[in-house]
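Dumped start.tsv below, it's TSV, C-alpha atoms:
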```
chain	number	residue	atom	x	y	z
E	1	MET	CA	-86.46	85.81	-45.39
E	2	PRO	CA	-85.86	82.74	-43.22
E	3	LEU	CA	-82.80	82.44	-41.04
E	4	LEU	CA	-79.76	81.12	-42.82
E	5	THR	CA	-79.17	77.42	-42.45
E	6	PHE	CA	-76.20	75.20	-43.18
E	7	ASN	CA	-78.02	71.90	-42.78
E	8	SER	CA	-78.45	71.22	-46.49
E	9	TRP	CA	-74.82	71.77	-47.47
E	10	SER	CA	-72.83	68.98	-49.11
E	11	ILE	CA	-70.03	68.72	-51.67
E	12	GLU	CA	-72.75	68.73	-54.33
E	13	SER	CA	-74.46	71.88	-53.02
E	14	VAL	CA	-74.80	74.94	-55.21
E	15	ASN	CA	-73.27	77.19	-52.54
E	16	ALA	CA	-70.71	76.68	-49.78
E	17	VAL	CA	-72.52	78.90	-47.26
E	18	LEU	CA	-76.21	78.31	-47.95
E	19	GLY	CA	-76.11	74.83	-49.37
E	20	ASP	CA	-79.27	74.10	-51.38
E	21	ILE	CA	-81.72	75.91	-49.12
E	22	SER	CA	-82.91	78.02	-52.07
E	23	TYR	CA	-83.91	74.99	-54.15
E	24	GLU	CA	-85.40	73.15	-51.20
E	25	GLU	CA	-87.47	76.15	-50.19
E	26	LYS	CA	-88.77	76.76	-53.71
E	27	PHE	CA	-89.42	73.17	-54.85
E	28	GLY	CA	-89.81	71.29	-51.57
E	29	VAL	CA	-87.03	68.80	-52.35
E	30	LEU	CA	-83.26	68.81	-52.60
E	31	PRO	CA	-81.75	68.80	-56.10
E	32	ASN	CA	-80.06	65.74	-57.56
E	33	ASP	CA	-78.01	64.85	-60.63
E	34	LYS	CA	-81.14	65.09	-62.82
E	35	SER	CA	-81.96	68.65	-61.72
E	36	ASN	CA	-81.61	71.38	-64.33
E	37	GLU	CA	-78.31	73.20	-63.77
E	38	ILE	CA	-79.53	76.61	-64.93
E	39	VAL	CA	-82.61	76.37	-62.72
E	40	ARG	CA	-80.43	75.48	-59.73
E	41	ILE	CA	-78.14	78.48	-60.21
E	42	GLN	CA	-80.94	80.92	-60.99
E	43	THR	CA	-82.91	79.75	-57.97
E	44	HIS	CA	-79.87	80.23	-55.75
E	45	LEU	CA	-79.05	83.69	-57.11
E	46	GLU	CA	-82.65	84.85	-56.75
E	47	TYR	CA	-82.68	83.67	-53.15
E	48	VAL	CA	-79.43	85.50	-52.36
E	49	GLN	CA	-80.57	88.61	-54.21
E	50	ASN	CA	-83.71	88.79	-52.08
E	51	TYR	CA	-81.69	88.19	-48.93
E	52	LEU	CA	-79.24	90.99	-49.77
E	53	ARG	CA	-82.06	93.45	-50.41
E	54	ALA	CA	-83.73	92.60	-47.12
E	55	ASN	CA	-80.57	92.70	-44.99
E	56	THR	CA	-78.29	95.74	-44.93
E	57	PRO	CA	-74.99	95.19	-43.11
E	58	GLU	CA	-73.66	97.76	-40.66
E	59	GLY	CA	-70.38	99.63	-40.76
E	60	PHE	CA	-70.39	100.79	-44.39
E	61	THR	CA	-70.43	104.32	-45.75
E	62	GLU	CA	-73.50	105.78	-47.40
E	63	SER	CA	-71.70	105.71	-50.73
E	64	ALA	CA	-70.84	102.02	-50.34
E	65	LEU	CA	-74.44	101.13	-49.50
E	66	LYS	CA	-75.64	103.05	-52.56
E	67	ASN	CA	-73.22	101.02	-54.67
E	68	ARG	CA	-74.54	97.88	-53.01
E	69	LEU	CA	-78.08	98.48	-54.23
E	70	ALA	CA	-76.89	99.14	-57.78
E	71	ILE	CA	-74.81	95.95	-57.75
E	72	ILE	CA	-77.75	93.87	-56.52
E	73	ASP	CA	-79.60	95.11	-59.61
E	74	ILE	CA	-76.65	93.98	-61.75
E	75	LEU	CA	-76.87	90.56	-60.09
E	76	SER	CA	-80.50	90.37	-61.16
E	77	VAL	CA	-79.53	91.06	-64.78
E	78	TYR	CA	-76.79	88.42	-64.60
E	79	ARG	CA	-79.23	85.84	-63.24
E	80	LYS	CA	-81.75	86.45	-66.01
E	81	ASN	CA	-79.11	86.21	-68.75
E	82	GLU	CA	-78.60	82.49	-67.95
E	83	GLN	CA	-74.92	82.59	-68.90
E	84	PHE	CA	-73.07	80.62	-66.23
E	85	PRO	CA	-69.65	78.95	-66.16
E	86	SER	CA	-69.18	75.26	-66.77
E	87	LEU	CA	-66.25	73.04	-65.89
E	88	THR	CA	-64.09	71.31	-68.47
E	89	ALA	CA	-61.70	69.71	-65.97
E	90	PRO	CA	-62.72	66.40	-64.32
E	91	PHE	CA	-63.55	67.56	-60.80
E	92	PRO	CA	-65.05	64.91	-58.49
E	93	SER	CA	-67.69	67.31	-57.14
E	94	ARG	CA	-69.25	70.71	-57.74
E	95	GLN	CA	-66.65	73.45	-57.92
E	96	PRO	CA	-66.50	77.26	-58.08
E	97	CYS	CA	-65.09	78.72	-61.30
E	98	PHE	CA	-64.38	82.45	-61.46
E	99	ILE	CA	-64.13	82.63	-65.26
E	100	ASP	CA	-64.46	79.48	-67.33
E	101	ASP	CA	-62.51	78.50	-70.46
E	102	ARG	CA	-65.13	80.15	-72.68
E	103	GLY	CA	-64.71	83.47	-70.88
E	104	VAL	CA	-68.01	83.20	-68.98
E	105	TYR	CA	-67.90	84.89	-65.57
E	106	CYS	CA	-69.26	83.57	-62.31
E	107	ALA	CA	-71.71	85.80	-60.45
E	108	VAL	CA	-69.11	87.51	-58.24
E	109	GLY	CA	-66.69	87.79	-61.15
E	110	TYR	CA	-69.38	89.43	-63.26
E	111	LEU	CA	-70.20	91.97	-60.55
E	112	ILE	CA	-66.53	92.90	-60.24
E	113	LYS	CA	-66.10	93.10	-64.02
E	114	GLU	CA	-69.10	95.40	-64.39
E	115	THR	CA	-67.95	97.76	-61.63
E	116	ALA	CA	-64.14	97.56	-61.52
E	117	GLY	CA	-63.35	96.35	-65.03
E	118	ALA	CA	-62.53	93.10	-66.80
E	119	GLU	CA	-58.81	93.42	-66.06
E	120	VAL	CA	-59.43	93.36	-62.31
E	121	ALA	CA	-61.74	90.36	-62.58
E	122	GLN	CA	-59.32	88.49	-64.84
E	123	GLY	CA	-56.50	89.12	-62.39
E	124	ILE	CA	-58.55	87.51	-59.63
E	125	ASN	CA	-59.30	84.61	-61.95
E	126	THR	CA	-55.58	84.10	-62.58
E	127	ARG	CA	-54.94	83.86	-58.84
E	128	HIS	CA	-58.07	82.04	-57.66
E	129	LYS	CA	-59.88	80.44	-60.62
E	130	PHE	CA	-61.30	77.42	-58.76
E	131	GLU	CA	-61.18	78.67	-55.16
E	132	TYR	CA	-64.03	79.32	-52.76
E	133	LEU	CA	-64.29	83.02	-52.04
E	134	LEU	CA	-63.59	82.75	-48.32
E	135	ASP	CA	-60.36	80.90	-49.14
E	136	MET	CA	-59.03	83.55	-51.53
E	137	ASN	CA	-57.65	86.04	-48.96
E	138	ASP	CA	-57.20	88.59	-51.72
E	139	THR	CA	-56.73	92.29	-50.94
E	140	VAL	CA	-58.34	93.31	-54.23
E	141	ILE	CA	-61.55	91.52	-53.27
E	142	ASP	CA	-61.42	92.90	-49.73
E	143	VAL	CA	-61.18	96.49	-50.99
E	144	TRP	CA	-63.89	95.97	-53.60
E	145	ALA	CA	-66.24	94.53	-50.98
E	146	GLU	CA	-65.57	97.43	-48.60
E	147	ASN	CA	-66.18	100.05	-51.28
E	148	ASN	CA	-69.41	98.44	-52.42
E	149	GLY	CA	-71.12	97.56	-49.15
E	150	PHE	CA	-70.68	93.78	-49.04
E	151	THR	CA	-69.22	91.53	-46.39
E	152	LEU	CA	-67.01	88.68	-47.58
E	153	THR	CA	-69.57	86.22	-46.24
E	154	GLU	CA	-72.22	87.84	-48.43
E	155	LEU	CA	-69.98	87.48	-51.47
E	156	ALA	CA	-69.43	83.85	-50.53
E	157	MET	CA	-73.22	83.46	-50.38
E	158	ILE	CA	-73.45	84.71	-53.95
E	159	GLN	CA	-70.71	82.45	-55.37
E	160	PRO	CA	-72.24	79.34	-56.98
E	161	THR	CA	-70.57	76.05	-57.71
E	162	TYR	CA	-70.86	74.34	-61.08
E	163	ASP	CA	-71.16	71.02	-62.91
E	164	GLY	CA	-70.28	68.62	-60.16
E	165	TRP	CA	-72.07	65.46	-61.31
E	166	TYR	CA	-69.02	64.13	-63.15
E	167	THR	CA	-68.46	60.43	-63.82
E	168	PRO	CA	-65.14	59.64	-65.54
E	169	GLN	CA	-65.58	57.46	-68.61
E	170	PRO	CA	-62.97	54.89	-69.71
E	171	VAL	CA	-61.06	55.85	-72.83
E	172	ILE	CA	-60.71	53.03	-75.37
E	173	GLN	CA	-57.70	53.48	-77.61
E	174	PRO	CA	-58.09	52.37	-81.26
E	175	TYR	CA	-55.29	49.81	-81.03
E	176	THR	CA	-56.87	48.27	-77.95
E	177	LEU	CA	-60.12	47.86	-79.83
E	178	THR	CA	-58.28	46.32	-82.81
E	179	VAL	CA	-56.52	43.83	-80.57
E	180	ALA	CA	-59.81	42.94	-78.95
E	181	ILE	CA	-61.40	42.37	-82.36
E	182	ASP	CA	-58.42	40.29	-83.55
E	183	ASP	CA	-58.52	38.18	-80.40
E	184	THR	CA	-62.24	37.59	-80.83
E	185	ARG	CA	-61.82	36.65	-84.50
E	186	GLU	CA	-59.02	34.22	-83.62
E	187	LYS	CA	-61.13	32.57	-80.94
E	188	LEU	CA	-64.06	32.23	-83.35
E	189	LEU	CA	-61.81	30.66	-85.98
E	190	GLU	CA	-60.37	28.25	-83.42
E	191	ALA	CA	-63.87	27.27	-82.34
E	192	LYS	CA	-64.87	26.74	-85.98
E	193	LEU	CA	-61.82	24.57	-86.63
E	194	ASP	CA	-62.58	22.53	-83.52
E	195	THR	CA	-66.13	22.00	-84.76
E	196	LEU	CA	-64.91	20.94	-88.21
E	197	GLN	CA	-62.38	18.57	-86.65
E	198	ASN	CA	-65.08	17.03	-84.48
E	199	ASP	CA	-67.32	16.62	-87.53
E	200	PHE	CA	-64.47	15.00	-89.45
E	201	ASP	CA	-63.71	12.64	-86.58
E	202	SER	CA	-67.38	11.70	-86.39
E	203	ILE	CA	-67.52	10.98	-90.11
E	204	SER	CA	-64.33	8.93	-89.90
E	205	ALA	CA	-65.76	6.91	-87.04
E	206	VAL	CA	-68.93	6.22	-89.03
E	207	ASN	CA	-66.90	5.15	-92.05
E	208	GLN	CA	-64.85	2.77	-89.91
E	209	ASP	CA	-68.04	1.26	-88.49
E	210	GLN	CA	-69.43	0.83	-92.00
E	211	GLU	CA	-66.23	-0.90	-93.15
E	212	LEU	CA	-66.42	-3.31	-90.22
E	213	ILE	CA	-70.04	-4.14	-91.07
E	214	ILE	CA	-69.18	-4.73	-94.74
E	215	ASP	CA	-66.25	-6.98	-93.80
E	216	SER	CA	-68.49	-8.94	-91.49
E	217	LEU	CA	-71.11	-9.41	-94.22
E	218	ASP	CA	-68.46	-10.51	-96.72
E	219	LYS	CA	-67.15	-13.10	-94.32
E	220	THR	CA	-70.66	-14.37	-93.66
E	221	LEU	CA	-71.48	-14.68	-97.35
E	222	THR	CA	-68.14	-16.34	-98.11
E	223	SER	CA	-68.62	-18.93	-95.43
E	224	LYS	CA	-71.93	-19.92	-96.97
```
Encoded form (C-alpha cells):
Amino acid sequence: MPLLTFNSWSIESVNAVLGDISYEEKFGVLPNDKSNEIVRIQTHLEYVQNYLRANTPEGFTESALKNRLAIIDILSVYRKNEQFPSLTAPFPSRQPCFIDDRGVYCAVGYLIKETAGAEVAQGINTRHKFEYLLDMNDTVIDVWAENNGFTLTELAMIQPTYDGWYTPQPVIQPYTLTVAIDDTREKLLEAKLDTLQNDFDSISAVNQDQELIIDSLDKTLTSK
C-alpha cells in the first residue's frame, strides 16, 4: 500500500482523512459530480480494507486484533452489498451520515451494529448523526475501538461522506405561477387592443383622406 496522503482532500472528498486517493489511484483521475456514487464509496472502502489488512496497529490485545480481522471481513460484506446512506437534507457539500432516514447504516455504523448491536449504533446516531468521527469524542466509540483493535484514525479512514453535489432548486408556488400567467395574459390582451386601436386609427385616417378627395372632386365638377 502507498503512504497515506492528504493532498487530494476537499469538501467534496469521499473521506476526511484520505480524500479521494482511492479513486485517483484506481482510475487515474479525481472524481467529479458525474462520478457514480456507489463506485466512489466501494472504491474507497476497498482501499481502506486493504490498508487495514496490511497494517496492524500496536498496543492492542491479541483478542482485540482477532476481532479486528473478523470486522474487516464484515466491512468487505458491507461494501459488496452496495447499501449506503444518502442525504435528504440540503447540505452544501458531502457529509457523513451515521444512519440515514431510511435506516441505512454508514460503514462504521454497520460494523458497530453487527458487533455491539443496533441499539448501540442507534444511540451513536442520535448523538452524532452528521458528525465526522474524529469530532464525536464519544466514550462508546472509544471503548468499541479499543476492544476491536482499531485506532480512531482508522475508523475515520473508513467513514465515507455522501451525496454532496447538491444544487438548491427554486420552489415555484402555484399562486405565483397563476399570477405570472394572469400578468402575461393581461399584457397580451393590452398589446392586442393597442394593435386593434392602431388599425382603427389607420382606417379612420384613410376614410378621412377619401372624403377629402371626394369633396375636392365634387367641387371641381361643380365649378365646371
**OP:** Write out as an NGL selection string the residues lying within 8 Å of Lys129 of chain E, counting only C-alpha atoms and excluding same-chain residues fewer than 6 positions away.
**Re:** :E and (96-99)
**OP:** Quote the spacing between atom CA of Ile141 of chain E and atom CA of Thr88 of chain E in Å to one decimal place.
**Re:** 25.4 Å
Subject >> Selected residue, from E:Arg68, E:Lys26, E:Arg94, E:Lys80, that lies nearest to Ile112 of chain E when counting all atoms listed in the file >> reply: E:Arg68
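Among the candidates E:Asp33, E:Met157, E:Val77, E:Ser86, the residue lying nearest to Ile21 of chain E is E:Met157 (atoms considered: all atoms listed in the file).
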Original post:
Using all atoms listed in the file, which residue out of E:Leu87, E:Ala156, E:Ala121, E:Ile71 lies closest to Val140 of chain E?
Top reply: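 Under the stated criterion, the closest residue is E:Ala121.
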Original post:
List as a list in words: which residues have an atom within 10 Å of (-76.2, 76.7, -64.2), counting only C-alpha atoms?
Top reply: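 Residues with an atom at most 10 Å from (-76.2, 76.7, -64.2): Val14, Asn36, Glu37, Ile38, Val39, Arg40, Ile41, Gln42, Thr43, His44, Arg79, Glu82, Gln83, Phe84, Pro85, Ser86, Cys106, Pro160, Thr161, Tyr162 and Asp163 of chain E.
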Subject >> Å distance separating atom CA of Phe60 of chain E from atom CA of Ser22 of chain E, one decimal place >> reply: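 It comes out at 27.1 Å.
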Subject >> Distance of atom CA of Gln159 of chain E from atom CA of Tyr132 of chain E, expressed in Å to one decimal place >> reply: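 So the answer is 7.8 Å.
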Original post:
Between E:Glu190, E:Asp101, E:Asp138, E:Glu131, which is the closest to Ala16 of chain E once you count all atoms listed in the file?
Top reply: E:Glu131
**OP:** Would you please work out which residue, of E:Asn125, E:Asn15, E:Thr139, E:Asn148, is nearest to Ser63 of chain E when using only C-alpha atoms?
**Re:**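 Residue with the minimum atom-to-atom distance to Ser63 of chain E: E:Asn148.
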Subject >> Pick from E:Ile158, E:Met136, E:Val104, E:Ala145, whichever lies nearest to Tyr51 of chain E using all atoms listed in the file >> reply: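 Using all atoms listed in the file, the shortest distance to Tyr51 of chain E belongs to E:Ile158.
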Original post:
Ile74 of chain E: which residues within 10 Å, counting only C-alpha atoms, same-chain residues fewer than 5 positions away excluded, as a VMD selection string?
Top reply: chain E and resid 68 to 69 79 107 110 to 111 114 to 115
